[in-house]
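Engineer: Before I ask anything, here is the structure I am working with.
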Number of protein chains: 2
Amino acid sequence: MTLLDAPLVVASNRGPVTFERDEQGGLEAGRGAGGLVTALLGALQRVDGLWVAAAISETDRDVAAGPGGGRIDMEAFGADYRLRLLDVPAELYDGYYNGISNGVLWFAHHYLWDTVRQPVFGEETERAWQDYVAVNRLFAEALAEEAERSSTLPAFLVQDYHLTLVPRLLRELRPDAFIAHFSHTAIAGLTYLRILPGRIREGMLRGMLGADVLGFHSQLWAENFLMSARSLPGVRADLARSRLTVDGREVMVRIHPISIDAMPMREAAAGPEVQEFRRELNRWRGDTRLILRVDRLELTKNIVRGFRAYELFLQTHPEWRRRVRFLALLSPSRVDVPEYREYGDECVAEVERVNRELGEEDWRPIEVRVRDDYPGAIAAYGLYDVLLVNPTFDGMNLVAMEGPMLNRRGGVLVLSRNAGAYWRLGKHAIAVNPFDVQETAEAIAHALEMPHEERLRRARNLSRLVLTNPPERWVRSQLEDLQRASIRRPVAGA
Amino acid sequence: MTLLDAPLVVASNRGPVTFERDEQGGLEAGRGAGGLVTALLGALQRVDGLWVAAAISETDRDVAAGPGGGRIDMEAFGADYRLRLLDVPAELYDGYYNGISNGVLWFAHHYLWDTVRQPVFGEETERAWQDYVAVNRLFAEALAEEAERSSTLPAFLVQDYHLTLVPRLLRELRPDAFIAHFSHTAIAGLTYLRILPGRIREGMLRGMLGADVLGFHSQLWAENFLMSARSLPGVRADLARSRLTVDGREVMVRIHPISIDAMPMREAAAGPEVQEFRRELNRWRGDTRLILRVDRLELTKNIVRGFRAYELFLQTHPEWRRRVRFLALLSPSRVDVPEYREYGDECVAEVERVNRELGEEDWRPIEVRVRDDYPGAIAAYGLYDVLLVNPTFDGMNLVAMEGPMLNRRGGVLVLSRNAGAYWRLGKHAIAVNPFDVQETAEAIAHALEMPHEERLRRARNLSRLVLTNPPERWVRSQLEDLQRASIRRPVAGA
């Protein structure tokens, strides 16, 4: 047997479902969306796999604290895998999730700090770090337990920046484990990571190095990790082969861009709710061209500069006034974090300013909608002429794939060079430096004025690239890497 | 003849002297301070060298526009070298100096942007970049002219981020030239440099690659340059040997930490003005211990977090209240830039807050003086018990050397791990993460409570390290590198 057929255990902060109570008090499973969940669930169901995640909702916590130790057979919910929800104490979860994961690591990897003033690390950071360590340990212990219960040693797929310590902690408990860790975020360079307290920086890097295989969405993030890891005492790097050696073990660094799951999105696009939205949007747009952005209201998404670029485009190409509209669909994100609320206000204020300064009686240049609206986004994807995806830094960016897959008008993708997606899709998009509003304004003009033939050709190429890289391939690649790593491993000893 | 004896031509934005008119209308040369000027002047005077710089003052401009084409024999001012002042048109100088050098490159290399909001590049940036190119071309043309006038091909030493394009432009004019470029700043990593418009990033990197030898103050900056340069198409890197190959030419990347010139500072310290200051400071401090910081009021110097660390130290070590004072000598810098004025206000406000919250009737915890006060700094260097040097990022930091060289009390250096000086002095200092106020507070306590023996040992070691690396060695090392490069160069062909 190879690791390609081994039992599979996935670990991530948030699981594939969240439970609520229905009116009869029974359990109701709300499924998460996204390529990651689809890809991993597909793989899990083939091998009767297990997903380990933190309990999120109240009901999740009830389940996690219940008699089964948080273990649920998902057969009752029409799926062929098992779930284990970890009952992470609320007093640890806050430091782990808000304090370190989203407050420190996310900010670091996306260059989000105004370094003159932020961050200011102190005792609070240290306490949150202890919580992060504790929660990562809970995960590692649960994974080791699951390994004990399994007759065959499973393949572990650990996800993202919340769980950077799990590979090392699990390795300590099970030196023979086969562990892959995947980072879905950007990864900051060596110098910027020096902002982090040494314990956190080194903890994170050495934690990840406990894995056999480390995966990233793009070359830039993989190289940044390699360069930081090789600066640690005792770590040797073979940059040409993208391998690190630490404690006599070998760690492979690999690039596997994830993609999206076409089928359910296309089904949703054909549904009546989306069709109604599409009619509504079509009435609203009239005979104008449509520029679209779809984003979480996230600091990295570069929403304000997007509006400024559009404004500059209208100023320098006045012939396009009244002939174009900008629709911004923004879903609220981390609303309990002041920086995010403030940024949301800035985005809306910028829209109001542009509309006030450039709008005319029957033409509002920008329409912004701040709400969770999946059907609305699906509908809008079908209709755009230009899709603006201009994040300052972004691990991957799935909007850049969802749009081209659902668009029906030969819409053009304007894409930031700092999105992971750029490495795969860049040559069929119009590339921009997200900090350069002039370049972005010109890219919008270029996209709108592109000959029909070229638009179609680019759109077809984008759509094909997305479809030929289904999410299953992303999982499969990681298992193949683990298999390769297992062959290269001298002897699996305790 | 080797390049060690070749005629020497130095190029820098600001020259070693600035001219003013005396009362009779004659020229008066005001000498700049600093190890750089001393080191380079020493070298120039040995070989009847030439220094090319931009005209800065009104009188400089008169000289530059005068009949000699800006060439001045400094013999008239008691020195044995020649100066050539370039008459850079004011309309170019602003974009070159404020726009690109200090507004873009300085911010980039020190991670100074609040990336959610800043920078916003547009047409103005592009115009400023054209000015930067034009001024760099003026320098390159002047250097090529000087090469023509010289019977032997000189060694060119080009300085800093203002003149990154000069090596390449000069190389185009004189393919046989021997060119060293030295960066005195930090150098940002590959990912952060992606913030820059592609033309600027690539222009800067390829401009520097026109040199035979590129010098940096510390390994971190040298490695960051190497990694960015090797990402350019057509550039190959030999990381182990710290060499790049571009256009068939070889470029050496070298680390040469600069030091300071002890003698004139020690002479100044013995002068009557400084002695008077010292008496005044001694009266003011009474029998308290003295924590000192001496800095330009610069965004990278991390002054506010320094005060917060001191506040935290007083809160967690109340036994030190009334027994210690913090003296901050801050010289105004770039006061016409709003970000700098704002930061100055924040620094002063922070001092007022701490003094209000922790001060007592006859004890003010912090004394801040915002003015140019060289004698005051020299006096204070003699007296500190703790010298706080905690920049967020700093190419080198000479305060960390000036202090230990002049201190007479076995004062302890608390030093940021992100200062270039850390690579040389770190092991005799108490190292801190500049973003971690708790670690910095503990470092202050540690420094104050350190046994006398250990304080003296560290202070002696620091002072010895500074004295055994005189500025001449810094110049000499660069010339030796150029000599090595000239031997490795296949054939000097046009």
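For the structure tokens, the naming scheme is as follows: chains receive sequential letters (A, B, ...) according to their order of presentation, residues are indexed from 1 within each chain, and ligands are indexed from 1 in presentation order.
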Could the residues of chain A within 6 Å of chain B, counting only C-alpha atoms, be given as number ranges by chain, please?
Structural biologist: A: 112-115, 120-122, 435-438
Engineer: List the neighbours of Asp385 in chain B out to 8 Å using only C-alpha atoms; skip same-chain residues closer than 6 positions along the sequence, and give me the result as a VMD selection string.
Structural biologist: chain B and resid 289 to 292 409 to 412 448
Engineer: What's the 12 Å shell around Ala268 in chain A, counting only C-alpha atoms, without same-chain residues fewer than 4 positions away, as a tab-separated table (two decimals) with all heavy atoms, in the first residue's frame?
Structural biologist:
```
chain	number	residue	atom	x	y	z
A	33	ALA	N	-18.37	26.37	2.03
A	33	ALA	CA	-18.15	26.40	0.58
A	33	ALA	C	-16.66	26.41	0.28
A	33	ALA	O	-15.83	26.36	1.18
A	33	ALA	CB	-18.82	27.62	-0.01
A	261	ASP	N	-13.96	24.40	-7.57
A	261	ASP	CA	-14.79	23.30	-8.00
A	261	ASP	C	-15.87	23.86	-8.92
A	261	ASP	O	-16.77	24.57	-8.49
A	261	ASP	CB	-15.41	22.66	-6.76
A	261	ASP	CG	-16.04	21.32	-7.08
A	261	ASP	OD1	-15.68	20.74	-8.12
A	261	ASP	OD2	-16.88	20.88	-6.29
A	262	ALA	N	-15.76	23.57	-10.20
A	262	ALA	CA	-16.63	24.20	-11.19
A	262	ALA	C	-18.09	23.78	-11.05
A	262	ALA	O	-19.00	24.61	-11.09
A	262	ALA	CB	-16.12	23.87	-12.60
A	263	MET	N	-18.30	22.48	-10.85
A	263	MET	CA	-19.65	21.95	-11.00
A	263	MET	C	-20.67	22.61	-10.08
A	263	MET	O	-21.68	23.14	-10.57
A	263	MET	CB	-19.60	20.42	-10.79
A	263	MET	CG	-20.73	19.70	-11.50
A	263	MET	SD	-20.94	20.26	-13.22
A	263	MET	CE	-19.51	19.46	-13.96
A	264	PRO	N	-20.45	22.63	-8.76
A	264	PRO	CA	-21.49	23.23	-7.90
A	264	PRO	C	-21.72	24.71	-8.20
A	264	PRO	O	-22.85	25.19	-8.08
A	264	PRO	CB	-20.96	23.02	-6.48
A	264	PRO	CG	-19.53	22.66	-6.63
A	264	PRO	CD	-19.35	22.06	-7.98
A	272	PRO	N	-32.72	29.23	-9.92
A	272	PRO	CA	-33.67	30.33	-10.09
A	272	PRO	C	-33.29	31.59	-9.31
A	272	PRO	O	-33.49	32.70	-9.81
A	272	PRO	CB	-34.98	29.74	-9.57
A	272	PRO	CG	-34.58	28.56	-8.72
A	272	PRO	CD	-33.31	28.04	-9.29
A	273	GLU	N	-32.71	31.41	-8.12
A	273	GLU	CA	-32.37	32.60	-7.31
A	273	GLU	C	-31.34	33.45	-8.04
A	273	GLU	O	-31.46	34.67	-8.13
A	273	GLU	CB	-31.83	32.14	-5.95
A	273	GLU	CG	-31.72	33.27	-4.94
A	273	GLU	CD	-31.12	32.78	-3.62
A	273	GLU	OE1	-30.65	31.60	-3.55
A	273	GLU	OE2	-31.09	33.56	-2.66
A	274	VAL	N	-30.30	32.77	-8.56
A	274	VAL	CA	-29.25	33.49	-9.27
A	274	VAL	C	-29.80	34.11	-10.54
A	274	VAL	O	-29.47	35.26	-10.90
A	274	VAL	CB	-28.07	32.54	-9.59
A	274	VAL	CG1	-27.08	33.21	-10.51
A	274	VAL	CG2	-27.38	32.10	-8.29
A	275	GLN	N	-30.70	33.39	-11.20
A	275	GLN	CA	-31.28	33.94	-12.43
A	275	GLN	C	-32.06	35.23	-12.14
A	275	GLN	O	-31.99	36.19	-12.91
A	275	GLN	CB	-32.18	32.90	-13.08
A	275	GLN	CG	-31.36	31.78	-13.73
A	275	GLN	CD	-32.21	30.82	-14.54
A	275	GLN	OE1	-33.40	31.05	-14.75
A	275	GLN	NE2	-31.60	29.73	-14.98
A	277	PHE	N	-31.46	37.30	-9.65
A	277	PHE	CA	-30.43	38.32	-9.41
A	277	PHE	C	-29.86	38.83	-10.74
A	277	PHE	O	-29.62	40.02	-10.91
A	277	PHE	CB	-29.28	37.73	-8.60
A	277	PHE	CG	-29.45	37.88	-7.12
A	277	PHE	CD1	-29.64	36.78	-6.31
A	277	PHE	CD2	-29.41	39.14	-6.54
A	277	PHE	CE1	-29.79	36.92	-4.94
A	277	PHE	CE2	-29.54	39.28	-5.16
A	277	PHE	CZ	-29.75	38.16	-4.36
A	374	TYR	N	-23.87	35.40	-1.74
A	374	TYR	CA	-23.29	34.43	-2.65
A	374	TYR	C	-24.05	34.38	-3.98
A	374	TYR	O	-23.44	34.50	-5.05
A	374	TYR	CB	-23.24	33.06	-1.97
A	374	TYR	CG	-22.58	31.97	-2.76
A	374	TYR	CD1	-21.21	31.99	-3.02
A	374	TYR	CD2	-23.34	30.91	-3.26
A	374	TYR	CE1	-20.61	30.98	-3.75
A	374	TYR	CE2	-22.75	29.89	-4.00
A	374	TYR	CZ	-21.39	29.93	-4.25
A	374	TYR	OH	-20.79	28.93	-4.97
A	375	PRO	N	-25.39	34.29	-3.95
A	375	PRO	CA	-26.11	34.25	-5.23
A	375	PRO	C	-25.87	35.53	-6.05
A	375	PRO	O	-25.73	35.47	-7.27
A	375	PRO	CB	-27.58	34.14	-4.81
A	375	PRO	CG	-27.55	33.65	-3.40
A	375	PRO	CD	-26.29	34.16	-2.79
A	376	GLY	N	-25.81	36.67	-5.37
A	376	GLY	CA	-25.55	37.92	-6.08
A	376	GLY	C	-24.20	37.89	-6.77
A	376	GLY	O	-24.06	38.33	-7.92
A	377	ALA	N	-23.19	37.35	-6.09
A	377	ALA	CA	-21.85	37.27	-6.68
A	377	ALA	C	-21.85	36.33	-7.88
A	377	ALA	O	-21.30	36.66	-8.94
A	377	ALA	CB	-20.83	36.79	-5.64
A	378	ILE	N	-22.51	35.19	-7.72
A	378	ILE	CA	-22.58	34.23	-8.82
A	378	ILE	C	-23.24	34.87	-10.05
A	378	ILE	O	-22.77	34.72	-11.19
A	378	ILE	CB	-23.38	32.97	-8.38
A	378	ILE	CG1	-22.68	32.25	-7.23
A	378	ILE	CG2	-23.60	32.03	-9.56
A	378	ILE	CD1	-21.45	31.51	-7.63
A	379	ALA	N	-24.31	35.60	-9.78
A	379	ALA	CA	-25.00	36.27	-10.88
A	379	ALA	C	-24.09	37.30	-11.54
A	379	ALA	O	-23.98	37.37	-12.77
A	379	ALA	CB	-26.27	36.94	-10.36
A	381	TYR	N	-20.86	37.45	-11.60
A	381	TYR	CA	-19.75	36.83	-12.35
A	381	TYR	C	-20.15	36.60	-13.82
A	381	TYR	O	-19.33	36.70	-14.72
A	381	TYR	CB	-19.39	35.48	-11.74
A	381	TYR	CG	-18.53	35.54	-10.49
A	381	TYR	CD1	-18.71	34.59	-9.47
A	381	TYR	CD2	-17.54	36.50	-10.35
A	381	TYR	CE1	-17.92	34.62	-8.33
A	381	TYR	CE2	-16.75	36.53	-9.21
A	381	TYR	CZ	-16.94	35.58	-8.20
A	381	TYR	OH	-16.15	35.61	-7.09
A	382	GLY	N	-21.41	36.27	-14.04
A	382	GLY	CA	-21.83	36.00	-15.41
A	382	GLY	C	-21.80	37.23	-16.29
A	382	GLY	O	-21.71	37.11	-17.51
A	406	LEU	N	-17.40	31.49	-14.73
A	406	LEU	CA	-18.85	31.70	-14.86
A	406	LEU	C	-19.21	32.81	-15.83
A	406	LEU	O	-20.37	32.99	-16.19
A	406	LEU	CB	-19.45	32.03	-13.48
A	406	LEU	CG	-19.41	30.89	-12.46
A	406	LEU	CD1	-20.07	31.34	-11.16
A	406	LEU	CD2	-20.14	29.65	-13.00
```
Engineer: Can you tell me how far CA of Asp372 in chain A sits from CA of Ser12 in chain A, in Å to one decimal?
Structural biologist: 23.0 Å
Engineer: So that I can check the secondary structure, give me every residue of range 65-146 of chain A assigned alpha helix (DSSP H) by backbone DSSP, as a PyMOL selection string.
Structural biologist: chain A and resi 65+90-94+106-109+123-146
Engineer: Mind checking which residues fall within 9 Å of Ala429 in chain B, counting only C-alpha atoms, ignoring those fewer than 2 positions away in the same chain, and posting them as a CSV table (one decimal) with N, CA, C and O atoms, in the first residue's frame?
Structural biologist:
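The file below, result.csv, is the result:
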```csv
chain,number,residue,atom,x,y,z
B,412,VAL,N,25.8,50.6,29.2
B,412,VAL,CA,25.4,49.4,28.5
B,412,VAL,C,24.6,49.8,27.2
B,412,VAL,O,23.8,50.7,27.3
B,413,LEU,N,24.9,49.1,26.1
B,413,LEU,CA,24.2,49.4,24.9
B,413,LEU,C,23.0,48.4,24.7
B,413,LEU,O,23.2,47.2,24.8
B,414,VAL,N,21.8,49.0,24.6
B,414,VAL,CA,20.6,48.1,24.2
B,414,VAL,C,20.4,48.4,22.7
B,414,VAL,O,20.2,49.5,22.3
B,415,LEU,N,20.5,47.3,22.0
B,415,LEU,CA,20.6,47.4,20.5
B,415,LEU,C,19.6,46.6,19.8
B,415,LEU,O,19.5,45.4,20.0
B,422,TYR,N,24.1,45.7,14.6
B,422,TYR,CA,24.0,44.5,15.4
B,422,TYR,C,24.9,43.4,14.9
B,422,TYR,O,25.4,42.6,15.8
B,425,LEU,N,28.3,44.4,16.5
B,425,LEU,CA,28.4,44.8,18.0
B,425,LEU,C,27.4,43.9,18.8
B,425,LEU,O,27.5,44.0,20.1
B,426,GLY,N,26.6,43.2,18.2
B,426,GLY,CA,25.5,42.5,18.9
B,426,GLY,C,25.9,41.7,20.1
B,426,GLY,O,25.2,41.8,21.1
B,427,LYS,N,27.0,41.0,20.0
B,427,LYS,CA,27.2,40.1,21.1
B,427,LYS,C,27.7,40.8,22.4
B,427,LYS,O,27.7,40.2,23.5
B,431,ALA,N,20.5,42.7,23.1
B,431,ALA,CA,19.8,42.7,21.9
B,431,ALA,C,18.3,42.7,22.1
B,431,ALA,O,17.8,42.1,23.1
B,458,ARG,N,31.8,44.6,28.8
B,458,ARG,CA,31.0,44.8,27.5
B,458,ARG,C,31.4,46.1,26.9
B,458,ARG,O,31.6,46.3,25.7
B,459,ALA,N,31.5,47.2,27.7
B,459,ALA,CA,31.8,48.5,27.2
B,459,ALA,C,33.2,48.5,26.6
B,459,ALA,O,33.4,49.1,25.5
B,462,LEU,N,33.0,46.8,23.2
B,462,LEU,CA,32.4,47.6,22.2
B,462,LEU,C,33.3,48.7,21.7
B,462,LEU,O,33.5,48.9,20.5
```
Engineer: Interatomic distance between CA of Asp394 in chain B and CA of Leu105 in chain B?
Structural biologist: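 Interatomic distance, CA of Asp394 in chain B to CA of Leu105 in chain B: 13.6 Å.
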Engineer: According to DSSP computed on the backbone, where in range 132-346 of chain B is there strand (DSSP E or B)? Give the residues as a ChimeraX atom specification.
Structural biologist: /B:155-159,178-182,213-216,235-238,243-246,249-255,289-296,324-331
Engineer: Which polymer residues have any atom within 9 Å of an atom of Tyr96 in chain A, counting only C-alpha atoms, with same-chain residues fewer than 6 positions away left out, as number ranges by chain?
Structural biologist: A: 102, 128-136, 162
Engineer: Take the residues that were just selected and, keeping all heavy atoms, output them as a PDB file, in the first residue's frame.
Structural biologist:
```
ATOM      1  N   ASN A 102      -4.956  35.615  13.448  1.00  0.00           N
ATOM      2  CA  ASN A 102      -5.414  36.727  12.628  1.00  0.00           C
ATOM      3  C   ASN A 102      -4.790  38.061  13.012  1.00  0.00           C
ATOM      4  O   ASN A 102      -4.716  38.967  12.193  1.00  0.00           O
ATOM      5  CB  ASN A 102      -6.937  36.836  12.692  1.00  0.00           C
ATOM      6  CG  ASN A 102      -7.591  35.666  11.987  1.00  0.00           C
ATOM      7  OD1 ASN A 102      -6.957  35.006  11.155  1.00  0.00           O
ATOM      8  ND2 ASN A 102      -8.835  35.387  12.322  1.00  0.00           N
ATOM      9  N   ALA A 128      -1.105  35.385  24.383  1.00  0.00           N
ATOM     10  CA  ALA A 128      -1.824  34.846  23.220  1.00  0.00           C
ATOM     11  C   ALA A 128      -1.010  33.730  22.568  1.00  0.00           C
ATOM     12  O   ALA A 128      -1.558  32.730  22.106  1.00  0.00           O
ATOM     13  CB  ALA A 128      -2.108  35.962  22.215  1.00  0.00           C
ATOM     14  N   TRP A 129       0.300  33.911  22.550  1.00  0.00           N
ATOM     15  CA  TRP A 129       1.158  32.874  21.961  1.00  0.00           C
ATOM     16  C   TRP A 129       1.051  31.562  22.739  1.00  0.00           C
ATOM     17  O   TRP A 129       1.005  30.478  22.161  1.00  0.00           O
ATOM     18  CB  TRP A 129       2.611  33.365  21.890  1.00  0.00           C
ATOM     19  CG  TRP A 129       3.582  32.335  21.400  1.00  0.00           C
ATOM     20  CD1 TRP A 129       4.594  31.761  22.096  1.00  0.00           C
ATOM     21  CD2 TRP A 129       3.640  31.761  20.073  1.00  0.00           C
ATOM     22  NE1 TRP A 129       5.270  30.872  21.314  1.00  0.00           N
ATOM     23  CE2 TRP A 129       4.711  30.836  20.064  1.00  0.00           C
ATOM     24  CE3 TRP A 129       2.881  31.942  18.916  1.00  0.00           C
ATOM     25  CZ2 TRP A 129       5.056  30.095  18.929  1.00  0.00           C
ATOM     26  CZ3 TRP A 129       3.217  31.202  17.792  1.00  0.00           C
ATOM     27  CH2 TRP A 129       4.292  30.292  17.806  1.00  0.00           C
ATOM     28  N   GLN A 130       0.983  31.684  24.049  1.00  0.00           N
ATOM     29  CA  GLN A 130       0.824  30.472  24.855  1.00  0.00           C
ATOM     30  C   GLN A 130      -0.498  29.769  24.509  1.00  0.00           C
ATOM     31  O   GLN A 130      -0.562  28.541  24.453  1.00  0.00           O
ATOM     32  CB  GLN A 130       0.870  30.795  26.356  1.00  0.00           C
ATOM     33  CG  GLN A 130       2.233  31.302  26.842  1.00  0.00           C
ATOM     34  CD  GLN A 130       3.401  30.437  26.388  1.00  0.00           C
ATOM     35  OE1 GLN A 130       3.285  29.226  26.267  1.00  0.00           O
ATOM     36  NE2 GLN A 130       4.529  31.064  26.064  1.00  0.00           N
ATOM     37  N   ASP A 131      -1.536  30.568  24.257  1.00  0.00           N
ATOM     38  CA  ASP A 131      -2.821  29.986  23.852  1.00  0.00           C
ATOM     39  C   ASP A 131      -2.687  29.295  22.491  1.00  0.00           C
ATOM     40  O   ASP A 131      -3.243  28.222  22.266  1.00  0.00           O
ATOM     41  CB  ASP A 131      -3.900  31.075  23.756  1.00  0.00           C
ATOM     42  CG  ASP A 131      -4.153  31.728  25.109  1.00  0.00           C
ATOM     43  OD1 ASP A 131      -3.739  31.147  26.132  1.00  0.00           O
ATOM     44  OD2 ASP A 131      -4.740  32.820  25.137  1.00  0.00           O
ATOM     45  N   TYR A 132      -1.967  29.961  21.604  1.00  0.00           N
ATOM     46  CA  TYR A 132      -1.764  29.385  20.257  1.00  0.00           C
ATOM     47  C   TYR A 132      -1.034  28.049  20.378  1.00  0.00           C
ATOM     48  O   TYR A 132      -1.408  27.058  19.753  1.00  0.00           O
ATOM     49  CB  TYR A 132      -0.965  30.379  19.420  1.00  0.00           C
ATOM     50  CG  TYR A 132      -0.723  29.971  17.973  1.00  0.00           C
ATOM     51  CD1 TYR A 132      -1.657  30.289  16.978  1.00  0.00           C
ATOM     52  CD2 TYR A 132       0.442  29.314  17.589  1.00  0.00           C
ATOM     53  CE1 TYR A 132      -1.435  29.943  15.648  1.00  0.00           C
ATOM     54  CE2 TYR A 132       0.667  28.959  16.268  1.00  0.00           C
ATOM     55  CZ  TYR A 132      -0.266  29.278  15.298  1.00  0.00           C
ATOM     56  OH  TYR A 132      -0.042  28.938  13.990  1.00  0.00           O
ATOM     57  N   VAL A 133      -0.010  28.020  21.198  1.00  0.00           N
ATOM     58  CA  VAL A 133       0.734  26.772  21.415  1.00  0.00           C
ATOM     59  C   VAL A 133      -0.198  25.705  21.987  1.00  0.00           C
ATOM     60  O   VAL A 133      -0.223  24.562  21.517  1.00  0.00           O
ATOM     61  CB  VAL A 133       1.927  27.003  22.373  1.00  0.00           C
ATOM     62  CG1 VAL A 133       2.604  25.677  22.723  1.00  0.00           C
ATOM     63  CG2 VAL A 133       2.935  27.983  21.765  1.00  0.00           C
ATOM     64  N   ALA A 134      -1.009  26.101  22.960  1.00  0.00           N
ATOM     65  CA  ALA A 134      -1.892  25.130  23.620  1.00  0.00           C
ATOM     66  C   ALA A 134      -2.904  24.548  22.638  1.00  0.00           C
ATOM     67  O   ALA A 134      -3.158  23.337  22.634  1.00  0.00           O
ATOM     68  CB  ALA A 134      -2.600  25.792  24.805  1.00  0.00           C
ATOM     69  N   VAL A 135      -3.499  25.396  21.803  1.00  0.00           N
ATOM     70  CA  VAL A 135      -4.507  24.893  20.853  1.00  0.00           C
ATOM     71  C   VAL A 135      -3.835  24.014  19.794  1.00  0.00           C
ATOM     72  O   VAL A 135      -4.359  22.970  19.417  1.00  0.00           O
ATOM     73  CB  VAL A 135      -5.287  26.060  20.210  1.00  0.00           C
ATOM     74  CG1 VAL A 135      -6.230  25.531  19.131  1.00  0.00           C
ATOM     75  CG2 VAL A 135      -6.061  26.822  21.277  1.00  0.00           C
ATOM     76  N   ASN A 136      -2.674  24.428  19.337  1.00  0.00           N
ATOM     77  CA  ASN A 136      -1.956  23.578  18.382  1.00  0.00           C
ATOM     78  C   ASN A 136      -1.625  22.225  19.007  1.00  0.00           C
ATOM     79  O   ASN A 136      -1.672  21.192  18.355  1.00  0.00           O
ATOM     80  CB  ASN A 136      -0.683  24.283  17.887  1.00  0.00           C
ATOM     81  CG  ASN A 136      -0.916  25.147  16.669  1.00  0.00           C
ATOM     82  OD1 ASN A 136      -0.599  24.775  15.542  1.00  0.00           O
ATOM     83  ND2 ASN A 136      -1.497  26.322  16.876  1.00  0.00           N
ATOM     84  N   HIS A 162      -3.154  28.786  11.055  1.00  0.00           N
ATOM     85  CA  HIS A 162      -3.638  28.551  12.415  1.00  0.00           C
ATOM     86  C   HIS A 162      -2.890  27.387  13.071  1.00  0.00           C
ATOM     87  O   HIS A 162      -2.786  27.326  14.286  1.00  0.00           O
ATOM     88  CB  HIS A 162      -5.127  28.202  12.415  1.00  0.00           C
ATOM     89  CG  HIS A 162      -5.961  29.112  11.574  1.00  0.00           C
ATOM     90  ND1 HIS A 162      -6.176  28.905  10.230  1.00  0.00           N
ATOM     91  CD2 HIS A 162      -6.630  30.244  11.897  1.00  0.00           C
ATOM     92  CE1 HIS A 162      -6.956  29.862   9.755  1.00  0.00           C
ATOM     93  NE2 HIS A 162      -7.231  30.690  10.738  1.00  0.00           N
TER      94      HIS A 162
END
```
Engineer: Choose the residue, out of A:Glu442, A:Asp48, A:Asp80, A:Glu402, that has the smallest atom-to-atom separation from Ser259 in chain A; count only C-alpha atoms.
Structural biologist: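 Closest to Ser259 in chain A, using only C-alpha atoms: A:Glu402.
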Engineer: Write out as a PDB file with N, CA, C and O atoms, in the first residue's frame each polymer residue whose atoms come within 8 Å of range 240-243 of chain A, counting only C-alpha atoms; drop sequence neighbours fewer than 4 positions from it.
Structural biologist:
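So the final result, stored in selection28.pdb, reads:
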```
ATOM      1  N   LEU A 226      11.460  29.165   2.238  1.00  0.00           N
ATOM      2  CA  LEU A 226      12.791  28.548   2.146  1.00  0.00           C
ATOM      3  C   LEU A 226      13.869  29.474   2.710  1.00  0.00           C
ATOM      4  O   LEU A 226      14.732  29.053   3.488  1.00  0.00           O
ATOM      5  N   GLU A 250      14.428  15.242   6.182  1.00  0.00           N
ATOM      6  CA  GLU A 250      14.315  16.040   4.975  1.00  0.00           C
ATOM      7  C   GLU A 250      12.908  16.623   4.876  1.00  0.00           C
ATOM      8  O   GLU A 250      11.929  15.940   5.171  1.00  0.00           O
ATOM      9  N   VAL A 251      12.811  17.873   4.469  1.00  0.00           N
ATOM     10  CA  VAL A 251      11.511  18.519   4.291  1.00  0.00           C
ATOM     11  C   VAL A 251      11.434  19.036   2.861  1.00  0.00           C
ATOM     12  O   VAL A 251      12.307  19.793   2.424  1.00  0.00           O
ATOM     13  N   MET A 252      10.402  18.625   2.137  1.00  0.00           N
ATOM     14  CA  MET A 252      10.221  19.081   0.761  1.00  0.00           C
ATOM     15  C   MET A 252       9.348  20.326   0.744  1.00  0.00           C
ATOM     16  O   MET A 252       8.317  20.379   1.421  1.00  0.00           O
ATOM     17  N   VAL A 253       9.737  21.318  -0.031  1.00  0.00           N
ATOM     18  CA  VAL A 253       8.919  22.524  -0.200  1.00  0.00           C
ATOM     19  C   VAL A 253       8.348  22.500  -1.617  1.00  0.00           C
ATOM     20  O   VAL A 253       9.109  22.409  -2.584  1.00  0.00           O
ATOM     21  N   ARG A 254       7.031  22.534  -1.731  1.00  0.00           N
ATOM     22  CA  ARG A 254       6.389  22.293  -3.025  1.00  0.00           C
ATOM     23  C   ARG A 254       5.331  23.360  -3.322  1.00  0.00           C
ATOM     24  O   ARG A 254       4.735  23.936  -2.417  1.00  0.00           O
TER      25      ARG A 254
END
```
